[in-house]
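Novice: Let me begin by handing over the structure; questions about it come next.
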Amino acid sequence: MVKVAIDAMGGDFGPKPIVEGVVEALKKKKFEPILVGDENEIKKYLPQKYYNKVSFINSTDYIKMHEHATDALRRKESSIYKAINLVKEKEADAVVSAGHSGATMSLATIKIGRIKGIKRPAIATFMPTIKKTHTLVLDVGANVDSDSDNLYQFGLMGEIYSREVLHHSEPKIGLLSNGEEDVKGNVVTKEAFTKLKAQSSFIGNVEGNDIFKGNVDVIVCDGFVGNILLKTSEGVADTIVTLIKEEVRKSGLMSKVGAILMRRVFKILKKSIDYAEYGGAPLLGVNGCVIVSHGKSNPKAIKNAIFQAINYTEADITSKIESKIKGE
């Protein structure tokens with residue numbers, strides 16, 4: 001069975017939602033969870049009947065959100081350090097953390113290391129589309145600056161993840177730019193375009209609105225642009241939901257009746273933009289499975305992050321990326 005190390009201490013709300021998410025995951029799938037954190041605190045939220053289904057690695061230290069990512073490199077007793085180290089030592093197949101994302105990425109890159117041939121890892125996330133699918137976007141924050149080789153490798157890694165985990169048989173890759181014409185873009189994206197053009201899966205430049213149309217499966221950009229894109233999209237989604245609620249509240253009886261009749265539609269909309277539906281973002285390019293979850297993750301998000309870690313491991317994504325890079 002797949003062994004998943006879970007940082008039980010790093011989330012915004014402590015171990016409670018994380019432990020509850022592990023329990024929910026165990027109800028659905030067989031895997032071996034290794035809970036890393038304060039064992040006494042963890043057991044407050046873990047039903048006793050699950051004690052024999054999990055392993056514990058005790059750690060009373062964890063990296064707080066306001067602390068520097070580099071602090072994690074020295075804090076060998078912290079929960080995330082110990083969780084990452086389990087993957088490094090091959091005592092776990094994957095790690096899931098809702099803790100300090102910078103600390104998780106730094107430790108994963110330095111302790112686990114990169115896949116041979118990969119220059120920089122990338123954080124990939126899932127954006128909803130009108131076709132009720134998801135577009136994989138990378139990088140969304142691991143690298144502020146990227147060169148054309150980085151973007152090219154992001155495309156290759158994204159294609160593999162899209163095919164093997166998201167089950168797109170022939171993933172289409174697009175390069176995010178300020179226009180779909182071949183001549184658009186800056187120096188870096190133009191160079192990346194030339195390199196990606198050799199891939200049969202590459203469809204050319206795409207624009208921001210293509211992310212949500214569902215006509216492209218993987219969109220490549222640098223981490224600076226990708227992180228702004230991600231935060232803007234989250235903000236727009238929250239704003240639309242808030243505006244709808246406000247208008248319904250202020251409007252007359254017919255609007256409220258209409259809202260009640262549209263309740264199912266609103267539920268579908270909420271589900272499509274809910275980060276908990278996918279649980280976390282894979283850090284592609286490191287020599288193991290690392291899933292970075294939102295600090296505000298609820299049990300459902302943790303459960304789905306664990307499922308993602310299991311799917312990643314069972315699909316042997318790391319080896320497939322290495323083979324792809326080696327063959328280039």
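Residue names in the structure tokens use chain letters A, B, ... in the order shown, residue numbers from 1 in each chain, and ligand numbers from 1 in the order shown.
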Based on DSSP run over this structure's backbone, return all residues of stretch 75-319 of chain A in strand (DSSP E), as a ChimeraX atom specification.
Specialist: /A:94-97,122-128,134-138,173-176,202-206,218-220,280-284,289-293
Novice: My list of candidates is A:Gly204, A:Gly174, A:Gly288, A:Gly327. Which is closest to A:Val4 when distances are computed with only C-alpha atoms?
Specialist: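 Ranked by minimum distance to A:Val4, first place goes to A:Gly288.
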Novice: With distances taken over only C-alpha atoms, which residue among A:Ile211, A:Ile317, A:Leu283, A:Met1 lies nearest A:Asp139?
Specialist: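 Distance minimum relative to A:Asp139 lands on A:Leu283.
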Novice: Quick one, how far is atom CA of A:Lys119 from atom CA of A:His66?
Specialist: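 Interatomic distance here is 28.3 Å.
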Novice: Name the residues of stretch 136-219 of chain A that fall into helix (DSSP H, G or I) according to DSSP on the backbone, using the chain letters and numbers of this document, as number ranges by chain.
Specialist: A: 148-164, 187-196, 208-212
Novice: Return the single residue from A:Thr242, A:Ser146, A:Ser97, A:Asn58 that is closest to A:Ala305, with distances computed using only C-alpha atoms.
Specialist: A:Ser97
Novice: Can you tell me which residues surround A:Gly14 at a distance of at most 12 Å, considering only C-alpha atoms, apart from same-chain residues fewer than 2 positions away, and format the answer as a VMD selection string?
Specialist: chain A and resid 7 to 12 16 to 20 37 to 38 41 to 42 44 to 45 62 to 65 97 to 99 295 to 299
Novice: Which of these residues is nearest to A:Asn311, using only C-alpha atoms: A:Gly21, A:Leu175, A:Val165, A:Leu26?
Specialist: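 Going through A:Gly21, A:Leu175, A:Val165, A:Leu26 one by one, the smallest distance to A:Asn311 is for A:Val165.
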Novice: Kindly indicate which residue among A:Glu277, A:Glu246, A:Asp238, A:Glu181 lies nearest to A:His134, using only C-alpha atoms for the distances.
Specialist: A:Glu277
Novice: Give me the residues near A:Arg120 as a list in words, where near means some atom within 10 Å (using only C-alpha atoms) and where sequence neighbours in that chain fewer than 5 positions away do not count.
Specialist: Thr109, Arg114, Ile115, Ala142, Asn143, Ser146, Asp149, Asn150, Leu151, Gln153, Phe154, Leu284, Gly285 and Val286 of chain A
Novice: Quick one: write out the picked residues with N, CA and C atoms as a CSV table (one decimal), in the first residue's frame?
Specialist:
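That gives us out-v9.csv:
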chain,number,residue,atom,x,y,z
A,109,THR,N,12.8,20.5,-2.2
A,109,THR,CA,13.8,20.7,-3.3
A,109,THR,C,15.2,20.3,-2.8
A,114,ARG,N,15.8,17.3,-6.8
A,114,ARG,CA,15.1,17.3,-8.1
A,114,ARG,C,15.3,16.1,-8.9
A,115,ILE,N,14.3,15.8,-9.8
A,115,ILE,CA,14.5,14.7,-10.7
A,115,ILE,C,15.7,15.0,-11.6
A,142,ALA,N,6.3,28.5,-7.4
A,142,ALA,CA,7.5,27.9,-7.0
A,142,ALA,C,8.7,28.8,-7.4
A,143,ASN,N,8.6,29.5,-8.6
A,143,ASN,CA,9.7,30.2,-9.2
A,143,ASN,C,9.2,31.6,-9.6
A,146,SER,N,11.6,32.6,-14.4
A,146,SER,CA,11.9,31.4,-15.1
A,146,SER,C,12.4,31.7,-16.5
A,149,ASP,N,14.0,27.4,-20.8
A,149,ASP,CA,14.1,26.0,-20.5
A,149,ASP,C,13.2,25.5,-19.4
A,150,ASN,N,13.0,26.4,-18.4
A,150,ASN,CA,12.1,26.1,-17.3
A,150,ASN,C,10.7,25.9,-17.8
A,151,LEU,N,10.3,26.9,-18.6
A,151,LEU,CA,8.9,26.8,-19.2
A,151,LEU,C,8.7,25.6,-20.0
A,153,GLN,N,10.3,22.7,-19.7
A,153,GLN,CA,10.1,21.5,-18.8
A,153,GLN,C,8.8,21.5,-18.1
A,154,PHE,N,8.3,22.7,-17.7
A,154,PHE,CA,7.0,22.8,-17.1
A,154,PHE,C,5.9,22.1,-18.0
A,284,LEU,N,5.7,19.5,-9.0
A,284,LEU,CA,6.3,18.6,-10.0
A,284,LEU,C,7.8,18.9,-10.3
A,285,GLY,N,8.5,17.9,-10.4
A,285,GLY,CA,10.0,18.0,-10.7
A,285,GLY,C,10.9,17.6,-9.5
A,286,VAL,N,10.3,17.4,-8.3
A,286,VAL,CA,11.1,16.8,-7.2
A,286,VAL,C,11.1,15.3,-7.3
Novice: I want to know what sits within 8 Å of A:Ile112, based on only C-alpha atoms, with residues of the same chain fewer than 5 positions away left out; could you give that as JSON, numbers by chain?
Specialist: {"A": [84, 85, 87, 88, 107, 286, 287, 288]}
Novice: Based on the selection just made, write C-alpha atoms of those residues as a PDB file, in the first residue's frame.
Specialist:
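out-v1.pdb was written with the following content:
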ATOM      1  CA  ILE A  84       9.839  15.382   4.080  1.00  0.00           C
ATOM      2  CA  ASN A  85      12.677  13.305   5.496  1.00  0.00           C
ATOM      3  CA  VAL A  87      10.131  10.572   1.670  1.00  0.00           C
ATOM      4  CA  LYS A  88      13.849  11.233   1.298  1.00  0.00           C
ATOM      5  CA  LEU A 107      12.730  21.328   2.104  1.00  0.00           C
ATOM      6  CA  VAL A 286      11.140  16.847  -7.226  1.00  0.00           C
ATOM      7  CA  ASN A 287      12.262  13.254  -6.829  1.00  0.00           C
ATOM      8  CA  GLY A 288       9.126  12.149  -4.991  1.00  0.00           C
TER       9      GLY A 288
END
Novice: Of the candidates A:Leu243, A:Val2, A:Leu46, A:Val36, which shows the shortest atom-to-atom distance to A:Lys90, using only C-alpha atoms?
Specialist: A:Val2
Novice: Hey, can you check how far atom CA of A:Asn205 sits from atom CA of A:Ile160?
Specialist: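 For atom CA of A:Asn205 relative to atom CA of A:Ile160, the distance reads 19.4 Å.
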